[in-house]
Amino acid sequence: MSRSVDRAFAAGVTALAMLVPLTLVAITILIVIDSWPALTMFGLSYFTTTEWDPVKLVFGAAAYVYGTLVTTVVAVLLATPVAVGGAIYLTEFAPRQVRTPIAFTIELLAYIPSIVYGLWAIFVMVPVMRTVVEPGLQATLGQVPVIGRLFSGTPIGLDLLSGGVVLAIMILPILMAVSREVLLAVPPTQREAMIGLGATRWEATSRAVLPYARPGIIGGAVLGVARAFGETMAVTMVVGNSSRDISGSLFVPGYTMASAIANQFVEADSELYFSAIVEIALVLLFVAIIVNAVARALIRRSIADRPAGAVV
Amino acid sequence: MKKSQVACLLAFATLLAACGGSPPAASSTPGATGGAAADPCGVPVKARCPSEAQAVTGAGATFPGPLYTKWIDQYNQLTGVQINYQAVGSGGGIKSFTDKTVDFGASDVPLTDAQFDAIAGGLYMVPMALGSVVPTYNVPGVTAPIKFSPEALAGIYLEQIKKWNDPKITAENPGLTLPDLAITTVHRSDGSGTTGVFTDYLSKISPEWKSKVGSATSVNWPGGVGGSGNAGVAGAVKNQPGTIGYVELIYAIQNKLGYGVVKNAAGKYVEASLDSTTKAADGFQSPDYGSLKGQQAKLSITNSANADAWPISTFTFLLLPKDFSDKAKGLAILRFSWYGTHEGQSFAKDLGYAPLPSTVQKAAEEVLKSITSGGSKILKVSQ
């Protein structure tokens, strides 16, 4: 009796568990079927050309891929130092009574709907970017050879840089939360040994704690990348949604893969146009899966390296 | 040709059969006052009709959404019929109608040949009202409306005219001092009937635009910034000096945006208004509705020859099948369409839409009367 109940229970939970991977498989199959006309029509040129012309039915998504990569890189470069610095403060320096409130506030940021970030960005951030930040960057870094190219053109505020900045704010909570967890996971013996040797707090943090936590922090950054890749609404509102060319400047309107789908999906009236848009989804899906797998591997390594008996 | 003759014969045959079979609905409603009681299922719409479907769904253009909502509400009060209209966009409307997931569609732009071919059984595009698109801009220090020749507008959007003080713009605006300021063009990033109308106009007045970019609800813009929706375009223009964008006239009026004047096909600068929009349809030559495919150009009224017309104007259409498989639904939709193109027109102006001129109203009547179910006509017009 009890054995058959067990068996039924096992079968039940197995079925429930299979449901999730099956959903992923079903989604993937559907996307491949729907994007098939574009896949076969354009092949590799879909990834290497920037012409996206719904009238002539020629589709190349390179500018969308480029826009996604650029905004994501900007976001991670801006957010990582802030997140790691904040996490170090919270774990190493902050008085006990402020740790929880600050950590809680940061995690709350993660629950703000992205449309709210978008509205804030378009009404508050974009004017500041256009009138203060971008002219300032142009006057300073813009004068430096080579890097100066990144800041050429008329500052309009609706561009790749703004897209990257809003993304940085949005991925900050997850980056900070992961960094904090990883730093907390560093065994106290690491610090104590270092300080026992006469090191300063700075030396202990930079030489003993951070190296130990590095894989985990990188993993957190990769999770942030995954979030930035798929983020749609807020970026769409500030990125400029124009994909004419790949110019190398951050001050030009750009387009991300997710915003291209959101903008064009509804009115994609021909089969080829529709399938070209679904192909963007296919690319996004694969990138997301790869990025997540990498992040998991890195975090696991960080935790596995932890010596036995360490107190968390 | 042969096919349509056969269809006619078939239609005639079923018409005879239907005439013999279907009971007249008028006699089945008690309480109809007066001796020669009007058929409650005919048009003009007066009352509840027992043989019409009580619920129908449609989807399509966002632009006429508020007007259709008003009509739906009024029609519901008259007849009790629930009409569910989803304003998903013209492209979405065409797609849903093609897939037969809705009973009727709606679009601001005429269908392409390929779209016609995809729709089994054929369709009619019935004009319901008119709207127009205006250029809006942000040029510091300029208070009077800027005049744009068609060449200037096309040149700006082709990114060939790069400054506000370009001779092509200043020549038409002798009274204005236009600054030495870079022009940033703003367009709709989402696919939209508004873009369809604007690019249709540019394609008519500029061969270069036609060959390089063309017209559609989404196009490959030569440059500029994309904003989502009228609000996205207007927001980008409002925030950024030197920008020019295009929005629907009602949106510009409701949000008190300044907009420019465009020279029409007769060479006159006419201000955009509901009246000058209606004028654009005055010379409307009804296409042969029997074979609409290939005649889409006739449904486009941009760059109208009428001397008082605003040149960037458009119809907004309902998409109706030539033959409804469900007669009860067909009756409800046709009566609703009749109501919209007649009594419903009185709500148009208050809501910011240009009403149909009487010539177009007559053309719409003919189309609605010709629609069938199983080959037999659906609408009965009482005097």
# chains A, B, ... in the order shown; residues from 1 in each chain; ligands from 1
>>> residues_around(residues="B:Gly260", least_positions_apart="3", cutoff="8 Å", atoms="only C-alpha atoms", output="ChimeraX atom specification")
/B:134-137,145-148
>>> closest_atom_pairs(of="chain A", to="chain B", cutoff="9 Å", atoms="only C-alpha atoms", output="Markdown table")
| residue | atom | partner | partner_atom | distance |
| --- | --- | --- | --- | --- |
| A:Glu51 | CA | B:Asn220 | CA | 7.7 |
| A:Trp52 | CA | B:Asn220 | CA | 6.1 |
| A:Asp53 | CA | B:Asn220 | CA | 4.7 |
| A:Pro54 | CA | B:Val219 | CA | 5.6 |
| A:Val55 | CA | B:Val219 | CA | 6.0 |
| A:Lys56 | CA | B:Gly214 | CA | 8.3 |
| A:Ile122 | CA | B:Gly235 | CA | 8.6 |
| A:Phe123 | CA | B:Asn239 | CA | 8.8 |
| A:Val126 | CA | B:Asn239 | CA | 8.8 |
| A:Pro127 | CA | B:Asn239 | CA | 7.1 |
| A:Arg130 | CA | B:Gln240 | CA | 8.6 |
| A:Thr154 | CA | B:Ala182 | CA | 8.7 |
| A:Ile156 | CA | B:Gln240 | CA | 7.0 |
| A:Gly157 | CA | B:Gln240 | CA | 8.5 |
| A:Leu158 | CA | B:Val225 | CA | 7.5 |
| A:Asp159 | CA | B:Val225 | CA | 8.5 |
| A:Thr236 | CA | B:Ser228 | CA | 8.0 |
| A:Met237 | CA | B:Ser228 | CA | 7.3 |
| A:Val238 | CA | B:Gly227 | CA | 8.6 |
| A:Val239 | CA | B:Gly226 | CA | 8.6 |
| A:Gly240 | CA | B:Val225 | CA | 5.0 |
| A:Asn241 | CA | B:Gly226 | CA | 4.6 |
| A:Ser242 | CA | B:Val225 | CA | 5.5 |
| A:Ser243 | CA | B:Gly223 | CA | 7.9 |
| A:Arg244 | CA | B:Gly223 | CA | 5.9 |
| A:Asp245 | CA | B:Gly223 | CA | 8.8 |
| A:Val252 | CA | B:Val225 | CA | 8.8 |
| A:Pro253 | CA | B:Val225 | CA | 6.0 |
| A:Gly254 | CA | B:Val225 | CA | 8.4 |
| A:Ala260 | CA | B:Ser189 | CA | 8.5 |
| A:Ala262 | CA | B:Asp190 | CA | 7.9 |
| A:Asn263 | CA | B:Asp190 | CA | 4.2 |
| A:Gln264 | CA | B:Asp190 | CA | 5.4 |
| A:Phe265 | CA | B:Gly191 | CA | 8.0 |
| A:Val266 | CA | B:Gly92 | CA | 5.5 |
| A:Glu267 | CA | B:Gly91 | CA | 4.1 |
| A:Ala268 | CA | B:Gly91 | CA | 6.4 |
| A:Asp269 | CA | B:Gly91 | CA | 5.5 |
| A:Ser270 | CA | B:Gln115 | CA | 7.6 |
>>> write_last_selection(atoms="C-alpha atoms", output="PDB file, in the first residue's frame")
ATOM      1  CA  GLU A  51      19.915  46.638 -43.425  1.00  0.00           C
ATOM      2  CA  TRP A  52      16.492  46.052 -41.899  1.00  0.00           C
ATOM      3  CA  ASP A  53      13.962  47.001 -44.505  1.00  0.00           C
ATOM      4  CA  PRO A  54      10.357  45.862 -44.029  1.00  0.00           C
ATOM      5  CA  VAL A  55       9.397  47.369 -47.418  1.00  0.00           C
ATOM      6  CA  LYS A  56      11.977  45.547 -49.527  1.00  0.00           C
ATOM      7  CA  ILE A 122      12.771  59.593 -20.264  1.00  0.00           C
ATOM      8  CA  PHE A 123      11.553  62.481 -18.106  1.00  0.00           C
ATOM      9  CA  VAL A 126      17.430  61.922 -20.653  1.00  0.00           C
ATOM     10  CA  PRO A 127      17.319  65.733 -20.235  1.00  0.00           C
ATOM     11  CA  ARG A 130      21.569  65.633 -23.036  1.00  0.00           C
ATOM     12  CA  THR A 154      25.375  65.668 -31.374  1.00  0.00           C
ATOM     13  CA  ILE A 156      20.566  63.976 -28.103  1.00  0.00           C
ATOM     14  CA  GLY A 157      20.039  62.016 -24.924  1.00  0.00           C
ATOM     15  CA  LEU A 158      18.155  59.256 -26.750  1.00  0.00           C
ATOM     16  CA  ASP A 159      21.094  57.038 -27.566  1.00  0.00           C
ATOM     17  CA  THR A 236      13.181  51.052 -25.649  1.00  0.00           C
ATOM     18  CA  MET A 237      12.105  54.354 -24.165  1.00  0.00           C
ATOM     19  CA  VAL A 238      15.576  55.910 -24.184  1.00  0.00           C
ATOM     20  CA  VAL A 239      17.756  54.082 -26.702  1.00  0.00           C
ATOM     21  CA  GLY A 240      16.568  56.003 -29.775  1.00  0.00           C
ATOM     22  CA  ASN A 241      15.178  53.043 -31.740  1.00  0.00           C
ATOM     23  CA  SER A 242      17.055  53.732 -34.900  1.00  0.00           C
ATOM     24  CA  SER A 243      19.519  51.343 -36.430  1.00  0.00           C
ATOM     25  CA  ARG A 244      20.923  52.993 -39.487  1.00  0.00           C
ATOM     26  CA  ASP A 245      24.549  52.143 -38.998  1.00  0.00           C
ATOM     27  CA  VAL A 252      23.953  57.885 -31.685  1.00  0.00           C
ATOM     28  CA  PRO A 253      20.456  56.413 -31.488  1.00  0.00           C
ATOM     29  CA  GLY A 254      20.648  52.637 -31.343  1.00  0.00           C
ATOM     30  CA  ALA A 260      13.211  45.677 -31.938  1.00  0.00           C
ATOM     31  CA  ALA A 262       8.663  44.921 -28.893  1.00  0.00           C
ATOM     32  CA  ASN A 263       8.398  47.735 -31.423  1.00  0.00           C
ATOM     33  CA  GLN A 264       7.832  45.785 -34.576  1.00  0.00           C
ATOM     34  CA  PHE A 265       6.149  42.539 -33.608  1.00  0.00           C
ATOM     35  CA  VAL A 266       2.563  43.800 -33.677  1.00  0.00           C
ATOM     36  CA  GLU A 267       2.706  45.329 -37.143  1.00  0.00           C
ATOM     37  CA  ALA A 268       4.825  42.653 -38.777  1.00  0.00           C
ATOM     38  CA  ASP A 269       2.350  41.875 -41.507  1.00  0.00           C
ATOM     39  CA  SER A 270       4.239  39.658 -43.951  1.00  0.00           C
TER      40      SER A 270
END
>>> select_by_dssp(residues="stretch 59-272 of chain A", states="helix (DSSP H, G or I)", output="NGL selection string")
:A and (62-93 or 96-109 or 114-139 or 141-143 or 147-151 or 160-184 or 188-196 or 201-230 or 233-238 or 257-264 or 271-272)
>>> write_last_selection(atoms="C-alpha atoms", output="short mmCIF file (atom, residue, chain, number, x, y, z; two decimals), in the first residue's frame")
data_model
loop_
_atom_site.label_atom_id
_atom_site.label_comp_id
_atom_site.auth_asym_id
_atom_site.auth_seq_id
_atom_site.Cartn_x
_atom_site.Cartn_y
_atom_site.Cartn_z
CA ALA A 62 23.64 43.13 -36.91
CA ALA A 63 22.72 46.62 -35.70
CA TYR A 64 20.32 45.15 -33.12
CA VAL A 65 22.93 42.68 -31.88
CA TYR A 66 25.48 45.51 -31.75
CA GLY A 67 23.08 47.78 -29.83
CA THR A 68 22.36 45.04 -27.33
CA LEU A 69 26.05 44.32 -26.79
CA VAL A 70 27.03 47.98 -26.44
CA THR A 71 24.28 48.90 -23.97
CA THR A 72 25.01 45.76 -21.97
CA VAL A 73 28.77 46.40 -21.82
CA VAL A 74 28.16 50.03 -20.76
CA ALA A 75 25.71 48.83 -18.11
CA VAL A 76 28.05 46.20 -16.66
CA LEU A 77 31.07 48.54 -16.69
CA LEU A 78 29.09 51.19 -14.82
CA ALA A 79 27.24 48.90 -12.43
CA THR A 80 29.97 46.45 -11.36
CA PRO A 81 32.25 48.89 -9.47
CA VAL A 82 29.26 50.42 -7.69
CA ALA A 83 27.81 47.03 -6.80
CA VAL A 84 31.11 45.54 -5.59
CA GLY A 85 32.01 48.68 -3.65
CA GLY A 86 28.61 48.75 -2.02
CA ALA A 87 28.79 45.06 -1.19
CA ILE A 88 32.25 45.47 0.39
CA TYR A 89 30.92 48.32 2.50
CA LEU A 90 27.93 46.26 3.61
CA THR A 91 29.92 43.16 4.51
CA GLU A 92 33.17 44.63 5.81
CA PHE A 93 32.55 48.13 7.08
CA ARG A 96 25.48 45.97 12.01
CA GLN A 97 22.29 48.01 12.44
CA VAL A 98 22.43 49.62 8.96
CA ARG A 99 23.36 46.47 7.04
CA THR A 100 19.88 45.00 6.80
CA PRO A 101 18.02 48.24 5.96
CA ILE A 102 20.47 49.11 3.19
CA ALA A 103 20.47 45.62 1.75
CA PHE A 104 16.70 45.58 1.89
CA THR A 105 16.44 48.92 0.08
CA ILE A 106 18.74 47.72 -2.67
CA GLU A 107 16.72 44.57 -3.12
CA LEU A 108 13.56 46.68 -3.35
CA LEU A 109 15.08 48.33 -6.43
CA SER A 114 10.81 48.35 -15.72
CA ILE A 115 8.22 50.72 -17.20
CA VAL A 116 8.68 52.89 -14.11
CA TYR A 117 12.42 53.00 -14.73
CA GLY A 118 11.64 53.89 -18.33
CA LEU A 119 9.36 56.79 -17.43
CA TRP A 120 11.87 58.11 -14.93
CA ALA A 121 14.61 57.76 -17.54
CA ILE A 122 12.77 59.59 -20.26
CA PHE A 123 11.55 62.48 -18.11
CA VAL A 124 14.45 62.91 -15.67
CA MET A 125 17.52 61.13 -16.93
CA VAL A 126 17.43 61.92 -20.65
CA PRO A 127 17.32 65.73 -20.24
CA VAL A 128 20.24 65.54 -17.77
CA MET A 129 22.18 63.28 -20.14
CA ARG A 130 21.57 65.63 -23.04
CA THR A 131 22.35 68.92 -21.30
CA VAL A 132 24.95 67.98 -18.68
CA VAL A 133 26.48 64.51 -18.93
CA GLU A 134 26.97 64.16 -22.67
CA PRO A 135 28.34 67.68 -23.36
CA GLY A 136 30.59 67.18 -20.31
CA LEU A 137 31.91 63.88 -21.62
CA GLN A 138 32.45 65.42 -25.02
CA ALA A 139 34.47 68.29 -23.53
CA LEU A 141 37.01 62.34 -22.65
CA GLY A 142 35.86 63.37 -26.12
CA GLN A 143 39.17 65.21 -26.59
CA ILE A 147 38.44 56.96 -26.92
CA GLY A 148 37.15 60.33 -28.16
CA ARG A 149 35.34 58.53 -30.98
CA LEU A 150 32.96 57.03 -28.45
CA PHE A 151 31.69 60.52 -27.64
CA LEU A 160 23.14 53.97 -26.72
CA LEU A 161 24.76 55.65 -23.70
CA SER A 162 21.38 56.48 -22.13
CA GLY A 163 20.24 52.92 -22.80
CA GLY A 164 23.36 51.64 -21.04
CA VAL A 165 22.95 53.96 -18.06
CA VAL A 166 19.34 52.98 -17.43
CA LEU A 167 20.33 49.33 -17.73
CA ALA A 168 23.15 49.86 -15.24
CA ILE A 169 20.65 51.14 -12.69
CA MET A 170 18.37 48.20 -13.38
CA ILE A 171 21.01 45.49 -13.02
CA LEU A 172 22.56 47.09 -9.94
CA PRO A 173 20.31 45.30 -7.40
CA ILE A 174 21.03 41.80 -8.70
CA LEU A 175 24.76 42.53 -9.01
CA MET A 176 24.90 43.93 -5.52
CA ALA A 177 22.84 41.14 -3.97
CA VAL A 178 25.00 38.45 -5.55
CA SER A 179 28.24 40.25 -4.63
CA ARG A 180 27.07 40.59 -1.07
CA GLU A 181 26.15 36.91 -0.79
CA VAL A 182 29.48 35.89 -2.23
CA LEU A 183 31.43 38.17 0.10
CA LEU A 184 29.48 36.83 3.07
CA PRO A 188 36.08 34.75 8.32
CA THR A 189 39.33 32.83 8.75
CA GLN A 190 40.51 34.40 5.47
CA ARG A 191 40.27 37.91 6.89
CA GLU A 192 41.38 36.96 10.37
CA ALA A 193 44.52 35.30 9.08
CA MET A 194 45.37 38.36 6.99
CA ILE A 195 44.72 40.82 9.80
CA GLY A 196 46.63 38.56 12.17
CA ARG A 201 41.52 46.40 6.28
CA TRP A 202 42.25 47.50 2.71
CA GLU A 203 44.97 44.88 2.32
CA ALA A 204 42.80 42.19 3.87
CA THR A 205 39.87 43.04 1.60
CA SER A 206 41.82 43.42 -1.61
CA ARG A 207 44.25 40.51 -1.14
CA ALA A 208 42.28 37.93 0.83
CA VAL A 209 38.56 38.56 0.46
CA LEU A 210 38.14 39.77 -3.11
CA PRO A 211 40.31 37.13 -4.80
CA TYR A 212 38.36 34.48 -2.93
CA ALA A 213 35.06 35.97 -4.04
CA ARG A 214 36.05 36.85 -7.59
CA PRO A 215 34.38 33.95 -9.47
CA GLY A 216 31.14 34.63 -7.65
CA ILE A 217 31.25 38.34 -8.41
CA ILE A 218 31.90 37.59 -12.06
CA GLY A 219 28.97 35.19 -11.96
CA GLY A 220 26.81 37.98 -10.57
CA ALA A 221 27.95 40.27 -13.35
CA VAL A 222 27.04 37.62 -15.91
CA LEU A 223 23.56 37.34 -14.39
CA GLY A 224 23.34 41.11 -14.72
CA VAL A 225 24.30 40.73 -18.37
CA ALA A 226 21.49 38.24 -18.85
CA ARG A 227 19.02 40.66 -17.33
CA ALA A 228 20.37 43.52 -19.46
CA PHE A 229 20.08 41.44 -22.64
CA GLY A 230 16.41 40.78 -22.21
CA MET A 233 10.63 48.57 -21.94
CA ALA A 234 12.98 50.94 -20.16
CA VAL A 235 15.66 50.64 -22.83
CA THR A 236 13.18 51.05 -25.65
CA MET A 237 12.11 54.35 -24.16
CA VAL A 238 15.58 55.91 -24.18
CA MET A 257 17.19 43.11 -29.95
CA ALA A 258 14.48 43.17 -27.30
CA SER A 259 13.25 46.63 -28.27
CA ALA A 260 13.21 45.68 -31.94
CA ILE A 261 10.88 42.78 -31.11
CA ALA A 262 8.66 44.92 -28.89
CA ASN A 263 8.40 47.74 -31.42
CA GLN A 264 7.83 45.79 -34.58
CA GLU A 271 5.43 36.15 -43.20
CA LEU A 272 9.07 36.93 -43.83
#
>>> closest_residue(among="B:Thr359, B:Asn76, B:Thr62, B:Asn173", to="B:Cys49", atoms="only C-alpha atoms")
B:Asn76
>>> atom_distance(atom1="atom CA of B:Asn255", atom2="atom CA of B:Pro311")
21.7 Å
>>> closest_residue(among="A:Ala17, A:Ala94, A:Ile31, A:Ile112", to="A:Leu284", atoms="only C-alpha atoms")
A:Ile31
>>> residues_around(residues="B:Glu343", least_positions_apart="2", cutoff="10 Å", atoms="only C-alpha atoms", output="JSON, numbers by chain")
{"B": [44, 45, 71, 74, 338, 339, 340, 341, 345, 346, 347, 348]}
>>> closest_residue(among="B:Gly352, B:Lys377, B:Phe63, B:Lys369", to="B:Asn230", atoms="only C-alpha atoms")
B:Phe63
>>> closest_residue(among="B:Lys298, B:Lys329, B:Arg335, B:Lys293", to="B:Val381", atoms="only C-alpha atoms")
B:Arg335
>>> atom_distance(atom1="atom CA of B:Asp39", atom2="atom CA of B:Gln361")
22.3 Å
>>> select_by_dssp(residues="stretch 204-259 of chain B", states="strand (DSSP E or B)", output="ChimeraX atom specification")
/B:225-227,243-248,259
>>> write_last_selection(atoms="N, CA and C atoms", output="compact mmCIF listing (two decimals), in the first residue's frame")
# COMPACT_ATOMS: atom_id res chain seq x y z
N VAL B 225 15.75 59.52 -34.97
CA VAL B 225 15.48 58.86 -33.70
C VAL B 225 14.07 58.28 -33.76
N GLY B 226 13.88 57.12 -33.15
CA GLY B 226 12.56 56.51 -33.11
C GLY B 226 11.92 56.67 -31.75
N GLY B 227 10.64 57.05 -31.73
CA GLY B 227 9.89 57.14 -30.49
C GLY B 227 8.68 56.24 -30.58
N THR B 243 14.43 69.25 -33.38
CA THR B 243 13.80 68.03 -33.88
C THR B 243 12.55 68.32 -34.70
N ILE B 244 12.22 67.38 -35.56
CA ILE B 244 10.95 67.39 -36.28
C ILE B 244 10.39 65.98 -36.24
N GLY B 245 9.08 65.88 -36.00
CA GLY B 245 8.45 64.57 -35.97
C GLY B 245 7.09 64.66 -36.65
N TYR B 246 6.38 63.55 -36.67
CA TYR B 246 5.04 63.59 -37.25
C TYR B 246 4.08 62.87 -36.30
N VAL B 247 2.92 63.46 -36.08
CA VAL B 247 1.93 62.84 -35.20
C VAL B 247 0.55 63.00 -35.82
N GLU B 248 -0.42 62.28 -35.29
CA GLU B 248 -1.80 62.44 -35.76
C GLU B 248 -2.30 63.82 -35.38
N TYR B 259 2.13 72.80 -34.99
CA TYR B 259 2.48 71.98 -36.15
C TYR B 259 2.61 72.85 -37.40
>>> atom_distance(atom1="atom CA of B:Gly105", atom2="atom CA of B:Leu320")
6.8 Å
